[in-house]
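upload.csv, holding CSV, C-alpha atoms:
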```csv
chain,number,residue,atom,x,y,z
A,7,MET,CA,-95.1,218.4,-188.1
A,8,SER,CA,-98.4,220.0,-188.6
A,9,PRO,CA,-99.4,223.6,-187.7
A,10,ARG,CA,-100.2,224.5,-184.1
A,11,GLY,CA,-103.9,224.4,-183.4
A,12,GLN,CA,-104.8,221.8,-186.0
A,13,ARG,CA,-106.2,218.5,-184.6
A,14,HIS,CA,-104.3,215.3,-185.1
A,15,ILE,CA,-106.2,212.4,-183.6
A,16,CYS,CA,-104.9,208.9,-184.1
A,17,VAL,CA,-106.7,205.8,-182.9
A,18,SER,CA,-104.7,202.8,-184.2
A,19,GLY,CA,-102.4,201.0,-181.7
A,20,ALA,CA,-99.8,199.5,-184.1
A,21,LYS,CA,-99.5,202.4,-186.6
A,22,LEU,CA,-100.3,205.4,-184.5
A,23,GLY,CA,-99.7,204.4,-180.9
A,24,ILE,CA,-103.0,204.4,-179.1
A,25,LEU,CA,-104.6,201.4,-177.4
A,26,VAL,CA,-108.2,202.3,-176.7
A,27,THR,CA,-110.2,200.3,-174.2
A,28,PRO,CA,-113.1,200.9,-173.6
A,29,ALA,CA,-113.9,204.5,-174.3
A,30,ILE,CA,-112.2,207.4,-176.1
A,31,ALA,CA,-113.8,210.7,-177.0
A,32,VAL,CA,-112.5,213.1,-179.6
A,33,LEU,CA,-113.5,216.7,-178.9
A,34,ALA,CA,-113.6,219.5,-181.4
A,35,SER,CA,-111.0,222.2,-181.1
A,36,GLY,CA,-112.3,224.9,-178.8
A,37,ALA,CA,-114.8,222.7,-177.0
A,38,SER,CA,-115.7,224.1,-173.5
A,39,THR,CA,-114.7,222.2,-170.4
A,40,ALA,CA,-115.6,222.7,-166.7
A,41,ALA,CA,-113.6,225.1,-164.6
A,42,ALA,CA,-110.7,223.4,-162.9
A,43,ASP,CA,-110.7,223.0,-159.1
A,44,THR,CA,-106.9,222.7,-159.0
A,45,THR,CA,-104.3,224.0,-161.4
A,46,ILE,CA,-100.7,222.8,-161.3
A,47,ASN,CA,-98.0,224.7,-163.2
A,48,VAL,CA,-95.1,222.4,-164.3
A,49,ASN,CA,-91.9,224.4,-164.2
A,50,THR,CA,-89.2,222.0,-165.3
A,51,PRO,CA,-88.8,219.7,-168.3
A,52,SER,CA,-86.8,217.2,-166.2
A,53,ASP,CA,-88.4,213.9,-165.5
A,54,GLU,CA,-87.6,213.9,-161.8
A,55,THR,CA,-89.3,213.1,-158.4
A,56,THR,CA,-86.9,214.8,-156.0
A,57,VAL,CA,-89.0,216.0,-153.1
A,58,GLY,CA,-88.1,219.5,-151.7
A,59,ASP,CA,-86.1,220.7,-154.7
A,60,GLY,CA,-88.5,223.5,-155.4
A,61,THR,CA,-89.4,222.3,-158.9
A,62,CYS,CA,-92.6,220.6,-160.1
A,63,SER,CA,-92.1,218.1,-162.9
A,64,LEU,CA,-94.8,216.5,-165.0
A,65,ARG,CA,-94.3,213.2,-163.2
A,66,GLU,CA,-94.6,214.9,-159.8
A,67,ALA,CA,-97.7,216.7,-161.0
A,68,LEU,CA,-99.3,213.4,-161.9
A,69,LEU,CA,-98.3,211.9,-158.5
A,70,PHE,CA,-100.1,214.8,-156.8
A,71,ALA,CA,-103.1,214.4,-159.1
A,72,ASN,CA,-103.2,210.7,-158.3
A,73,GLY,CA,-103.1,211.4,-154.6
A,74,VAL,CA,-99.9,209.4,-154.0
A,75,GLN,CA,-96.7,210.3,-152.2
A,76,GLY,CA,-94.1,212.2,-154.2
A,77,GLY,CA,-96.0,215.2,-155.6
A,78,GLU,CA,-95.5,217.5,-152.7
A,79,ASP,CA,-93.5,220.0,-154.7
A,80,CYS,CA,-96.6,220.6,-156.9
A,81,GLY,CA,-99.2,221.2,-154.2
A,82,THR,CA,-100.7,220.1,-150.9
A,83,GLY,CA,-104.1,218.6,-150.1
A,84,GLN,CA,-106.6,217.1,-152.5
A,85,SER,CA,-109.7,218.2,-154.3
A,86,PRO,CA,-112.4,215.8,-155.6
A,87,GLY,CA,-112.8,217.9,-158.8
A,88,THR,CA,-110.7,218.4,-161.9
A,89,VAL,CA,-106.9,218.7,-161.6
A,90,THR,CA,-105.5,220.6,-164.6
A,91,ILE,CA,-101.7,220.3,-165.3
A,92,LEU,CA,-100.3,223.1,-167.4
A,93,LEU,CA,-97.2,222.3,-169.5
A,94,PRO,CA,-95.2,225.2,-171.1
A,95,ALA,CA,-93.7,224.8,-174.5
A,96,GLN,CA,-90.9,222.4,-173.8
A,97,HIS,CA,-89.5,219.0,-174.9
A,98,TYR,CA,-90.2,216.6,-172.0
A,99,SER,CA,-88.0,213.5,-172.3
A,100,LEU,CA,-89.2,210.6,-170.1
A,101,THR,CA,-86.4,208.8,-168.2
A,102,GLN,CA,-88.5,206.9,-165.5
A,103,GLY,CA,-91.0,205.0,-167.5
A,104,VAL,CA,-94.6,205.4,-168.4
A,105,LEU,CA,-96.7,208.3,-167.0
A,106,THR,CA,-99.7,206.8,-165.2
A,107,LEU,CA,-103.1,208.5,-164.7
A,108,GLU,CA,-105.0,206.7,-161.9
A,109,ARG,CA,-107.1,209.4,-160.2
A,110,VAL,CA,-110.7,208.1,-160.0
A,111,ASP,CA,-112.4,210.8,-157.9
A,112,GLY,CA,-112.1,213.6,-160.4
A,113,GLN,CA,-110.9,214.4,-163.9
A,114,ILE,CA,-107.2,214.9,-164.9
A,115,THR,CA,-106.5,217.4,-167.7
A,116,ILE,CA,-103.0,217.7,-169.1
A,117,GLN,CA,-102.8,220.9,-171.1
A,118,GLY,CA,-99.8,221.8,-173.3
A,119,SER,CA,-99.1,224.9,-175.4
A,120,GLY,CA,-99.8,223.3,-178.8
A,121,VAL,CA,-98.4,220.8,-181.3
A,122,GLY,CA,-95.3,221.4,-183.5
A,123,PRO,CA,-91.7,222.2,-182.9
A,124,MET,CA,-92.5,225.4,-180.9
A,125,GLY,CA,-95.1,223.6,-178.7
A,126,THR,CA,-95.2,220.9,-176.0
A,127,THR,CA,-93.8,217.5,-176.7
A,128,ILE,CA,-93.8,214.4,-174.5
A,129,ASP,CA,-91.0,212.0,-175.7
A,130,ALA,CA,-90.8,208.5,-174.2
A,131,GLN,CA,-87.5,207.9,-176.1
A,132,HIS,CA,-88.6,204.4,-177.2
A,133,THR,CA,-88.0,203.0,-173.7
A,134,SER,CA,-91.6,202.7,-172.5
A,135,ARG,CA,-95.1,203.8,-173.3
A,136,ALA,CA,-95.8,207.5,-172.8
A,137,PHE,CA,-99.1,207.4,-171.0
A,138,LEU,CA,-101.2,204.7,-169.2
A,139,VAL,CA,-104.8,205.7,-168.3
A,140,GLU,CA,-106.1,203.3,-165.7
A,141,ASN,CA,-109.6,201.8,-165.5
A,142,GLY,CA,-112.1,204.2,-164.0
A,143,VAL,CA,-110.1,207.3,-164.8
A,144,THR,CA,-111.6,210.3,-166.7
A,145,ALA,CA,-108.9,212.3,-168.5
A,146,GLN,CA,-108.3,214.9,-171.1
A,147,ILE,CA,-105.0,215.5,-173.0
A,148,THR,CA,-104.8,218.6,-175.1
A,149,GLY,CA,-102.3,220.8,-177.0
A,150,LEU,CA,-99.3,218.6,-177.2
A,151,THR,CA,-97.4,216.0,-179.2
A,152,ILE,CA,-96.8,212.4,-177.9
A,153,THR,CA,-93.9,210.6,-179.5
A,154,GLY,CA,-91.3,208.0,-178.9
A,155,GLY,CA,-93.6,205.5,-177.1
A,156,GLN,CA,-92.7,201.8,-177.1
A,157,ALA,CA,-95.2,199.1,-175.9
A,158,PRO,CA,-93.7,196.0,-174.2
A,159,SER,CA,-92.6,193.1,-176.3
A,160,GLY,CA,-94.2,189.7,-175.9
A,161,CYS,CA,-92.8,187.0,-173.7
A,162,ASP,CA,-90.6,184.3,-175.2
A,163,GLY,CA,-92.2,180.9,-175.7
A,164,GLY,CA,-91.3,177.8,-173.6
A,165,PRO,CA,-89.9,174.6,-175.2
A,166,GLY,CA,-91.8,174.1,-178.5
A,167,GLY,CA,-94.2,177.0,-177.7
A,168,ASP,CA,-95.1,180.1,-179.5
A,169,GLY,CA,-93.8,183.5,-178.4
A,170,GLY,CA,-96.4,185.9,-176.9
A,171,PRO,CA,-97.8,188.9,-178.9
A,172,GLY,CA,-96.3,192.3,-178.4
A,173,GLY,CA,-98.3,195.0,-176.6
A,174,SER,CA,-100.3,197.7,-178.4
A,175,GLY,CA,-100.6,201.4,-177.6
A,176,GLY,CA,-97.0,202.7,-177.6
A,177,GLY,CA,-98.1,206.3,-177.2
A,178,ILE,CA,-101.2,205.8,-175.0
A,179,SER,CA,-102.6,202.7,-173.4
A,180,ASN,CA,-106.2,203.7,-172.4
A,181,PHE,CA,-108.4,201.7,-170.1
A,182,GLY,CA,-110.5,204.7,-168.9
A,183,THR,CA,-112.4,207.5,-170.6
A,184,LEU,CA,-110.0,209.7,-172.5
A,185,ALA,CA,-110.6,212.8,-174.6
A,186,LEU,CA,-107.9,214.1,-177.0
A,187,THR,CA,-108.0,217.6,-178.4
A,188,ASP,CA,-105.4,219.3,-180.6
A,189,ALA,CA,-103.0,216.4,-180.0
A,190,SER,CA,-100.5,214.7,-182.2
A,191,VAL,CA,-99.7,211.1,-181.4
A,192,THR,CA,-96.9,210.1,-183.8
A,193,GLY,CA,-93.7,208.1,-184.0
A,194,ASN,CA,-94.8,205.5,-181.4
A,195,ALA,CA,-94.5,201.7,-181.8
A,196,SER,CA,-96.2,198.5,-180.7
A,197,GLY,CA,-94.2,195.8,-179.0
A,198,ASN,CA,-92.3,193.0,-180.8
A,199,GLY,CA,-93.6,189.5,-180.6
A,200,GLY,CA,-91.8,187.1,-178.3
A,201,THR,CA,-89.3,184.5,-179.6
A,202,GLY,CA,-90.6,181.0,-180.1
A,203,GLY,CA,-89.3,178.3,-177.9
A,204,ASP,CA,-86.8,175.6,-179.1
A,205,GLY,CA,-88.2,172.5,-180.6
A,206,THR,CA,-88.1,169.3,-178.5
A,207,GLY,CA,-88.1,165.6,-179.5
A,208,THR,CA,-86.3,162.3,-179.3
A,209,GLN,CA,-84.1,160.9,-182.1
A,210,THR,CA,-84.1,157.1,-182.5
A,211,GLY,CA,-81.6,155.2,-184.6
A,212,GLY,CA,-82.5,152.4,-187.0
A,213,THR,CA,-81.9,148.7,-186.3
A,214,GLY,CA,-79.1,147.2,-188.3
A,215,GLY,CA,-79.6,144.1,-190.6
A,216,ALA,CA,-78.3,140.6,-189.7
```

Can you give me the file's structure in the form of structure tokens?
Amino acid sequence: MSPRGQRHICVSGAKLGILVTPAIAVLASGASTAAADTTINVNTPSDETTVGDGTCSLREALLFANGVQGGEDCGTGQSPGTVTILLPAQHYSLTQGVLTLERVDGQITIQGSGVGPMGTTIDAQHTSRAFLVENGVTAQITGLTITGGQAPSGCDGGPGGDGGPGGSGGGISNFGTLALTDASVTGNASGNGGTGGDGTGTQTGGTGGA
């Protein structure tokens, strides 16, 4: 693991875990950003969505930022500007699937405390992708490690058909505009190809001689 503060930007789906379509921007460390309109402080490493328990998880913070039900423990109301989600130094193990960013009326910024063993780590535990950035979303992810992402495997082929290709972007599947700063995307995997279908055919016996 590399020292905190050093940039680690990876842009290959199969090897490094990012599927990038159509735009990704890599910002220099220390680049200035606009002041946030809303700031959310995540206060639990648990991947939970229990409304009314008094804790704000990363998943709940994203629900709030996306403007959908389930993020009430992280705030009320909505702002058309930037929503910044602050993540303390913790290991955040995902147990409910991919984290989706779908807010289109303002930027989402996810800000950790840095890379490395003493920093912020998002671990998908090889059960799903870590992040999905939907079309039309503008987002920034900074100061954290993304690991353990697993893209979906391809579909199995029908009779005599080829199996489908596995998905790319185990760490991040990006269809919006995403900026990464001081981020390490490592230990993620693309999906396996689907199994080919069984062969088909008819066997015909020969005709015996007189």

Residues near Gln156 of chain A, cut-off 8 Å, all atoms listed in the file, skip fewer than 4 positions along chain, as a list in words: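 Here the answer would be Ala130, His132, Thr133, Ser134, Arg135, Ala136, Gly175, Gly176, Gly177, Asn194, Ala195, Ser196 and Gly197 of chain A.
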
Atom pair atom CA of Thr192 of chain A / atom CA of His97 of chain A: separation (Å):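 A separation of 14.6 Å between them.
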
Between atom CA of Val143 of chain A and atom CA of Val121 of chain A - distance in Å to one decimal: 24.3 Å

Residue nearest Gly103 of chain A - candidates A:Gln131, A:Ser63, A:Thr45, A:Thr151, atoms counted: all atoms listed in the file: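 Looking at the shortest contact to Gly103 of chain A, the residue is A:Gln131.
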
Contacts of Phe70 of chain A at 12 Å (all atoms listed in the file; same-chain gap of 5+ positions) as JSON, numbers by chain: {"A": [44, 45, 46, 47, 48, 55, 57, 62, 63, 64, 65, 75, 76, 77, 78, 79, 80, 81, 82, 83, 84, 85, 89, 90, 91, 106, 107, 108, 109, 114]}

Interatomic distance, atom CA of Glu140 of chain A to atom CA of Leu68 of chain A (Å, one decimal):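 Computing it gives 12.8 Å between the two atoms.
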
Among listed residues A:Ile178, A:Leu92, A:Thr144, A:Asp188, nearest Leu105 of chain A (using all atoms listed in the file):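 The shortest atom-to-atom distance to Leu105 of chain A comes from A:Ile178.
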
Point (-112.4, 206.1, -166.7), cut-off 8 Å, counting all atoms listed in the file, residues as a list of chain:residue names: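 Protein, DNA and RNA residues close to (-112.4, 206.1, -166.7): A:Ala29, A:Val110, A:Val139, A:Glu140, A:Asn141, A:Gly142, A:Val143, A:Thr144, A:Ala145, A:Phe181, A:Gly182, A:Thr183, A:Leu184.
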
Write a file of the just-selected residues containing C-alpha atoms, as a PDB file, in the frame of the given file.
```pdb
ATOM      1  CA  ALA A  29    -113.900 204.500-174.300  1.00  0.00           C
ATOM      2  CA  VAL A 110    -110.700 208.100-160.000  1.00  0.00           C
ATOM      3  CA  VAL A 139    -104.800 205.700-168.300  1.00  0.00           C
ATOM      4  CA  GLU A 140    -106.100 203.300-165.700  1.00  0.00           C
ATOM      5  CA  ASN A 141    -109.600 201.800-165.500  1.00  0.00           C
ATOM      6  CA  GLY A 142    -112.100 204.200-164.000  1.00  0.00           C
ATOM      7  CA  VAL A 143    -110.100 207.300-164.800  1.00  0.00           C
ATOM      8  CA  THR A 144    -111.600 210.300-166.700  1.00  0.00           C
ATOM      9  CA  ALA A 145    -108.900 212.300-168.500  1.00  0.00           C
ATOM     10  CA  PHE A 181    -108.400 201.700-170.100  1.00  0.00           C
ATOM     11  CA  GLY A 182    -110.500 204.700-168.900  1.00  0.00           C
ATOM     12  CA  THR A 183    -112.400 207.500-170.600  1.00  0.00           C
ATOM     13  CA  LEU A 184    -110.000 209.700-172.500  1.00  0.00           C
TER      14      LEU A 184
END
```

Nearest to Asn72 of chain A, chosen from A:Ser99, A:Thr88, A:Thr50, A:Ser119, with only C-alpha atoms counted in the distances: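 Among the listed residues, the smallest separation from Asn72 of chain A belongs to A:Thr88.
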
Sphere at (-93.8, 226.3, -177.5), radius 7 Å, counting all atoms listed in the file: residues as a list in words: Pro94, Ala95, Gln96, Ser119, Gly120, Met124, Gly125 and Thr126 of chain A

Using the incomplete input, complete segment 101-136 of chain A to the level of N, CA and C atoms; output as a short mmCIF file (atom, residue, chain, number, x, y, z; two decimals), in the coordinates of the input.
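Dumped everything to result_0.cif:
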```cif
data_model
loop_
_atom_site.label_atom_id
_atom_site.label_comp_id
_atom_site.auth_asym_id
_atom_site.auth_seq_id
_atom_site.Cartn_x
_atom_site.Cartn_y
_atom_site.Cartn_z
N THR A 101 -87.58 209.60 -168.62
CA THR A 101 -86.40 208.80 -168.20
C THR A 101 -86.81 207.75 -167.15
N GLN A 102 -88.05 207.81 -166.63
CA GLN A 102 -88.50 206.90 -165.50
C GLN A 102 -89.67 206.08 -165.88
N GLY A 103 -89.87 205.85 -167.15
CA GLY A 103 -91.00 205.00 -167.50
C GLY A 103 -92.25 205.69 -167.84
N VAL A 104 -93.31 204.90 -167.99
CA VAL A 104 -94.60 205.40 -168.40
C VAL A 104 -95.19 206.36 -167.37
N LEU A 105 -95.93 207.36 -167.84
CA LEU A 105 -96.70 208.30 -167.00
C LEU A 105 -98.07 207.71 -166.77
N THR A 106 -98.45 207.47 -165.51
CA THR A 106 -99.70 206.80 -165.20
C THR A 106 -100.72 207.76 -164.64
N LEU A 107 -101.94 207.69 -165.18
CA LEU A 107 -103.10 208.50 -164.70
C LEU A 107 -104.00 207.47 -163.97
N GLU A 108 -104.18 207.65 -162.64
CA GLU A 108 -105.00 206.70 -161.90
C GLU A 108 -105.97 207.37 -160.92
N ARG A 109 -106.16 208.67 -161.05
CA ARG A 109 -107.10 209.40 -160.20
C ARG A 109 -108.54 209.01 -160.63
N VAL A 110 -109.38 208.58 -159.68
CA VAL A 110 -110.70 208.10 -160.00
C VAL A 110 -111.82 209.01 -159.36
N ASP A 111 -111.42 209.98 -158.51
CA ASP A 111 -112.40 210.80 -157.90
C ASP A 111 -112.51 212.20 -158.47
N GLY A 112 -112.04 212.35 -159.70
CA GLY A 112 -112.10 213.60 -160.40
C GLY A 112 -111.29 213.53 -161.68
N GLN A 113 -111.55 214.43 -162.61
CA GLN A 113 -110.90 214.40 -163.90
C GLN A 113 -109.45 214.91 -163.80
N ILE A 114 -108.57 214.36 -164.65
CA ILE A 114 -107.20 214.90 -164.90
C ILE A 114 -107.17 215.49 -166.25
N THR A 115 -106.73 216.73 -166.36
CA THR A 115 -106.50 217.40 -167.70
C THR A 115 -105.04 217.75 -167.77
N ILE A 116 -104.40 217.31 -168.84
CA ILE A 116 -103.00 217.70 -169.10
C ILE A 116 -103.06 218.62 -170.34
N GLN A 117 -102.64 219.86 -170.13
CA GLN A 117 -102.80 220.90 -171.10
C GLN A 117 -101.45 221.47 -171.54
N GLY A 118 -101.06 221.23 -172.80
CA GLY A 118 -99.80 221.80 -173.30
C GLY A 118 -100.09 223.11 -174.03
N SER A 119 -99.05 223.61 -174.69
CA SER A 119 -99.10 224.90 -175.40
C SER A 119 -99.41 224.76 -176.87
N GLY A 120 -99.53 223.51 -177.36
CA GLY A 120 -99.80 223.30 -178.80
C GLY A 120 -98.85 222.27 -179.37
N VAL A 121 -99.20 221.78 -180.56
CA VAL A 121 -98.40 220.80 -181.30
C VAL A 121 -97.33 221.54 -182.12
N GLY A 122 -96.34 220.80 -182.58
CA GLY A 122 -95.30 221.40 -183.50
C GLY A 122 -94.04 221.68 -182.73
N PRO A 123 -92.99 222.04 -183.47
CA PRO A 123 -91.70 222.20 -182.90
C PRO A 123 -91.58 223.34 -181.85
N MET A 124 -92.51 224.29 -181.86
CA MET A 124 -92.50 225.40 -180.90
C MET A 124 -93.52 225.11 -179.75
N GLY A 125 -94.09 223.91 -179.72
CA GLY A 125 -95.10 223.60 -178.70
C GLY A 125 -94.59 222.66 -177.64
N THR A 126 -95.49 221.84 -177.12
CA THR A 126 -95.20 220.90 -176.00
C THR A 126 -95.09 219.50 -176.57
N THR A 127 -93.98 218.82 -176.26
CA THR A 127 -93.80 217.50 -176.70
C THR A 127 -93.42 216.55 -175.55
N ILE A 128 -94.12 215.41 -175.46
CA ILE A 128 -93.80 214.40 -174.50
C ILE A 128 -93.10 213.25 -175.28
N ASP A 129 -91.85 212.96 -174.94
CA ASP A 129 -91.00 212.00 -175.70
C ASP A 129 -90.61 210.86 -174.78
N ALA A 130 -91.15 209.66 -175.04
CA ALA A 130 -90.80 208.50 -174.20
C ALA A 130 -89.48 207.85 -174.64
N GLN A 131 -88.87 208.35 -175.68
CA GLN A 131 -87.50 207.90 -176.10
C GLN A 131 -87.43 206.43 -176.42
N HIS A 132 -88.56 205.83 -176.80
CA HIS A 132 -88.60 204.40 -177.20
C HIS A 132 -88.15 203.48 -176.08
N THR A 133 -88.34 203.88 -174.82
CA THR A 133 -88.00 203.00 -173.70
C THR A 133 -89.20 202.54 -172.92
N SER A 134 -90.38 203.13 -173.17
CA SER A 134 -91.60 202.70 -172.50
C SER A 134 -92.77 203.37 -173.23
N ARG A 135 -94.00 203.02 -172.83
CA ARG A 135 -95.10 203.80 -173.30
C ARG A 135 -95.01 205.22 -172.74
N ALA A 136 -95.73 206.15 -173.37
CA ALA A 136 -95.80 207.50 -172.80
C ALA A 136 -96.79 207.65 -171.72
#
```
